[in-house]
file run-v2.csv (CSV, C-alpha atoms)
chain,number,residue,atom,x,y,z
L,491,MET,CA,89.5,87.3,123.3
L,492,ILE,CA,86.4,88.2,121.2
L,493,ASN,CA,85.9,91.3,123.3
L,494,LEU,CA,89.5,92.4,122.6
L,495,VAL,CA,89.0,91.8,118.8
L,496,LEU,CA,85.7,93.7,118.8
L,497,SER,CA,87.2,96.5,120.9
L,498,VAL,CA,90.1,97.0,118.5
L,499,LEU,CA,87.9,96.8,115.5
L,500,SER,CA,85.4,99.2,117.1
L,501,LEU,CA,88.0,101.7,118.0
L,502,PHE,CA,89.4,101.5,114.4
L,503,LEU,CA,85.9,102.1,113.0
L,504,ILE,CA,85.2,104.9,115.4
L,505,PHE,CA,88.4,106.5,114.2
L,506,LEU,CA,87.5,105.9,110.6
L,507,GLN,CA,84.0,107.4,111.2
L,508,LEU,CA,85.5,110.5,112.7
L,509,THR,CA,88.2,111.0,110.1
L,510,TYR,CA,86.4,109.7,107.1
L,511,PRO,CA,87.8,111.7,104.1
L,512,SER,CA,85.5,114.4,102.9
L,513,SER,CA,86.5,113.5,99.3
L,514,LEU,CA,84.7,110.2,99.7
L,515,THR,CA,81.4,111.7,101.0
L,516,LEU,CA,78.3,112.2,98.9
L,517,PHE,CA,76.8,115.6,99.7
L,518,SER,CA,78.5,115.6,103.1
L,519,VAL,CA,76.9,112.2,104.0
L,520,ARG,CA,79.1,109.6,105.7
L,521,PRO,CA,78.6,105.9,106.2
L,522,ASP,CA,77.7,104.6,109.7
L,523,PHE,CA,80.5,102.1,110.4
L,524,LEU,CA,79.3,101.5,114.0
L,525,LEU,CA,75.8,100.5,112.7
L,526,ILE,CA,77.6,97.9,110.6
L,527,ILE,CA,79.1,96.3,113.7
L,528,VAL,CA,75.7,96.3,115.4
L,529,ILE,CA,74.1,94.6,112.4
L,530,PHE,CA,76.9,92.1,112.2
L,531,LEU,CA,76.7,91.2,115.9
L,532,SER,CA,72.9,91.0,115.8
L,533,LEU,CA,73.0,88.6,113.0
L,534,TYR,CA,76.0,86.4,114.0
L,535,SER,CA,76.4,86.4,117.8
L,536,LYS,CA,74.6,84.5,120.5
L,537,GLY,CA,72.8,85.9,123.5
L,538,LEU,CA,72.8,89.5,124.6
L,539,ARG,CA,76.2,90.3,123.3
L,540,SER,CA,74.8,92.3,120.4
L,541,PHE,CA,72.6,94.4,122.7
L,542,PHE,CA,75.5,95.2,125.0
L,543,TRP,CA,77.7,96.3,122.0
L,544,ALA,CA,74.8,98.3,120.5
L,545,VAL,CA,74.4,100.2,123.8
L,546,LEU,CA,78.2,100.7,124.1
L,547,LEU,CA,78.7,101.8,120.5
L,548,GLY,CA,75.6,104.0,120.4
L,549,GLY,CA,76.8,105.7,123.6
L,550,LEU,CA,80.3,106.2,122.2
L,551,LYS,CA,78.9,107.7,119.0
L,552,ASP,CA,76.7,110.0,121.1
L,553,LEU,CA,79.7,111.1,123.1
L,554,VAL,CA,81.8,112.0,120.0
L,555,SER,CA,79.0,113.6,118.0
L,556,PHE,CA,77.5,117.0,118.7
L,557,ASP,CA,73.9,115.7,118.8
L,558,LEU,CA,71.3,114.9,121.4
L,559,PHE,CA,72.8,112.3,123.8
L,560,GLY,CA,71.1,109.0,123.7
L,561,LEU,CA,69.6,109.1,120.1
L,562,ASN,CA,72.2,106.7,118.6
L,563,LEU,CA,72.2,104.6,121.8
L,564,LEU,CA,68.4,104.2,121.6
L,565,SER,CA,68.3,103.6,117.8
L,566,TYR,CA,71.2,101.1,117.8
L,567,SER,CA,69.6,99.2,120.8
L,568,LEU,CA,66.2,99.1,119.0
L,569,ILE,CA,67.9,97.8,115.8
L,570,SER,CA,69.8,95.2,117.7
L,571,ILE,CA,66.6,94.0,119.6
L,572,GLY,CA,64.6,94.0,116.4
L,573,LEU,CA,67.2,91.9,114.5
L,574,LYS,CA,67.6,89.5,117.3
L,575,TYR,CA,63.8,89.1,117.6
L,576,LEU,CA,63.4,88.6,113.8
L,577,GLU,CA,66.3,86.1,113.6
L,578,VAL,CA,66.9,86.9,109.9
L,579,ARG,CA,70.2,84.9,109.6
L,580,PHE,CA,68.7,82.4,107.3
L,581,PHE,CA,68.2,85.1,104.6
L,582,LEU,CA,71.8,86.1,104.5
L,583,LYS,CA,73.9,82.9,104.1
L,584,GLU,CA,76.5,83.9,101.6
L,585,ARG,CA,74.7,86.1,99.2
L,586,THR,CA,76.4,89.5,99.0
L,587,SER,CA,73.5,91.1,97.1
L,588,THR,CA,71.0,89.9,99.8
L,589,LEU,CA,73.2,91.2,102.5
L,590,PHE,CA,73.6,94.6,100.7
L,591,LEU,CA,69.9,95.0,100.3
L,592,PHE,CA,69.3,93.9,103.9
L,593,VAL,CA,71.8,96.4,105.3
L,594,LEU,CA,70.4,99.1,103.0
L,595,CYS,CA,66.9,98.6,104.5
L,596,VAL,CA,68.2,98.4,108.1
L,597,CYS,CA,70.2,101.6,107.6
L,598,PHE,CA,67.2,103.4,106.2
L,599,ILE,CA,65.1,102.3,109.2
L,600,ASN,CA,67.9,103.4,111.5
L,601,LEU,CA,68.2,106.9,109.9
L,602,PHE,CA,64.4,107.2,109.9
L,603,LEU,CA,64.2,106.2,113.5
L,604,ASN,CA,67.0,108.6,114.5
L,605,ASN,CA,65.4,111.5,112.7
L,606,MET,CA,62.0,110.8,114.1
L,607,LEU,CA,63.5,110.8,117.6
L,608,HIS,CA,65.0,114.2,116.7
L,609,VAL,CA,61.6,115.5,115.9
L,610,ILE,CA,60.0,114.1,119.1
L,611,LEU,CA,62.8,114.9,121.5
L,612,ALA,CA,64.2,118.1,120.1
L,613,GLY,CA,61.2,119.4,118.2
L,614,ARG,CA,63.2,119.9,115.0
L,615,GLN,CA,61.3,120.3,111.8
L,616,TYR,CA,62.7,118.6,108.7
L,617,PHE,CA,61.8,119.2,105.1
L,618,LEU,CA,60.9,115.9,103.3
L,619,LEU,CA,63.2,116.1,100.3
L,620,PRO,CA,66.5,116.8,102.0
L,621,VAL,CA,65.7,114.2,104.6
L,622,LEU,CA,64.9,111.5,102.0
L,623,ARG,CA,68.2,112.5,100.2
L,624,ILE,CA,70.1,112.0,103.4
L,625,PHE,CA,68.2,108.8,104.2
L,626,PHE,CA,69.0,107.3,100.8
L,627,LEU,CA,72.6,108.5,100.5
L,628,GLY,CA,73.5,107.5,104.1
L,629,SER,CA,71.9,104.1,103.7
L,630,LEU,CA,73.5,103.5,100.4
L,631,LEU,CA,77.0,104.5,101.6
L,632,THR,CA,76.7,102.4,104.7
L,633,ALA,CA,75.4,99.4,102.7
L,634,ILE,CA,78.3,99.7,100.2
L,635,TRP,CA,80.8,99.8,103.1
L,636,SER,CA,79.1,97.0,104.9
L,637,ILE,CA,80.2,94.4,102.4
L,638,PRO,CA,84.0,94.6,103.0
L,639,VAL,CA,83.5,95.4,106.7
L,640,ILE,CA,81.3,92.4,107.4
L,641,TYR,CA,83.6,90.2,105.3
L,642,ILE,CA,86.6,91.4,107.5
L,643,LEU,CA,84.6,90.9,110.7
L,644,LYS,CA,83.6,87.4,109.6
L,645,LYS,CA,87.2,86.5,108.9
L,646,CYS,CA,88.5,88.0,112.2
L,647,ALA,CA,85.9,86.5,114.4
L,648,SER,CA,84.9,83.3,112.6
L,649,GLU,CA,86.0,81.1,115.5
L,650,PHE,CA,83.9,83.0,118.0
L,651,PHE,CA,80.6,83.2,116.2
L,652,THR,CA,78.2,80.8,114.5
L,653,VAL,CA,78.7,82.2,111.0

call {"tool": "encode", "arguments": {"input": "run-v2.csv", "output": "C-alpha cells"}}
result
Amino acid sequence: MINLVLSVLSLFLIFLQLTYPSSLTLFSVRPDFLLIIVIFLSLYSKGLRSFFWAVLLGGLKDLVSFDLFGLNLLSYSLISIGLKYLEVRFFLKERTSTLFLFVLCVCFINLFLNNMLHVILAGRQYFLLPVLRIFFLGSLLTAIWSIPVIYILKKCASEFFTV
C-alpha cells in the first residue's frame, strides 16, 4: 500500500516538476520536488526503502531531463545514504523552521554535488557567481516547497512510517 501511495505521489510530483509554471520560477530556477521525496523518505522510513526510492526517482529524473544520465541518480543516492547514516530525525521533530533550514542545506549540498559531477564527468566549466545564484535560488525554492509537500506526505503516509 505504501508503495502505491508513494508511486502516485511521485508521479504527481514528476508531472509537477515537468510542468511547473514559468511564472512561479525565479530566474528560470525550479524547485526539486523529487529531492523532497528523497529527503522525506530518508528521514522517516526504515531500512533501505529510501535508497531504493532515491535510485528510482533519480533515474526517472535523469530519463526526463536532457542532462547526463546518472547524475541525479548518483546525487540522490548519496544524499539518501548520507541522511540515513547521520540519522538526523531527532533535529526535526515538529519545528517547521528547523525543517526548512535543514532542507535548504541538503538542497544546497545536492546542487553543489550535482554541479561538481558535471565538472568531473562532462568537463563543463562554471562561473562562480551564476552557479551560486542557481545554488541559492534552487535551494530556497525547494526548501519553501518542502514544507507543504512534507506535511502532505506525512499526512498521507503517517500509518506506514515512524513519524

call {"tool": "atom_distance", "arguments": {"input": "run-v2.csv", "atom1": "CA of Trp543 in chain L", "atom2": "CA of Ile527 in chain L"}}
result
8.4 Å

call {"tool": "atom_distance", "arguments": {"input": "run-v2.csv", "atom1": "CA of Leu499 in chain L", "atom2": "CA of Leu591 in chain L"}}
result
23.6 Å

call {"tool": "closest_residue", "arguments": {"input": "run-v2.csv", "among": "L:Leu533, L:Leu630, L:Leu501, L:Val495", "to": "Ile642 in chain L", "atoms": "only C-alpha atoms"}}
result
L:Val495

call {"tool": "residues_near_point", "arguments": {"input": "run-v2.csv", "point": "(75.9, 97.2, 101.4)", "cutoff": "7 Å", "atoms": "all atoms listed in the file", "output": "list in words"}}
result
Leu589, Phe590, Leu591, Val593, Leu594, Leu630, Thr632, Ala633, Ile634, Trp635, Ser636 and Ile637 of chain L

call {"tool": "closest_residue", "arguments": {"input": "run-v2.csv", "among": "L:Leu525, L:Leu503, L:Leu531, L:Leu576", "to": "Ile599 in chain L", "atoms": "all atoms listed in the file"}}
result
L:Leu525

call {"tool": "residues_around", "arguments": {"input": "run-v2.csv", "residues": "Ser570 in chain L", "least_positions_apart": "4", "cutoff": "9 Å", "atoms": "all atoms listed in the file", "output": "list in words"}}
result
Val528, Ile529, Leu531, Ser532, Leu533, Ser540, Phe541, Ala544, Ser565, Tyr566, Lys574 and Tyr575 of chain L

call {"tool": "closest_residue", "arguments": {"input": "run-v2.csv", "among": "L:His608, L:Lys551, L:Arg520, L:Lys645", "to": "Phe626 in chain L", "atoms": "all atoms listed in the file"}}
result
L:Arg520

call {"tool": "closest_residue", "arguments": {"input": "run-v2.csv", "among": "L:Leu547, L:Val554, L:Ile504, L:Leu561", "to": "Met606 in chain L", "atoms": "only C-alpha atoms"}}
result
L:Leu561

call {"tool": "residues_around", "arguments": {"input": "run-v2.csv", "residues": "Gly628 in chain L", "least_positions_apart": "4", "cutoff": "8 Å", "atoms": "all atoms listed in the file", "output": "ChimeraX atom specification"}}
result
/L:519-522,597-598,601,624,632
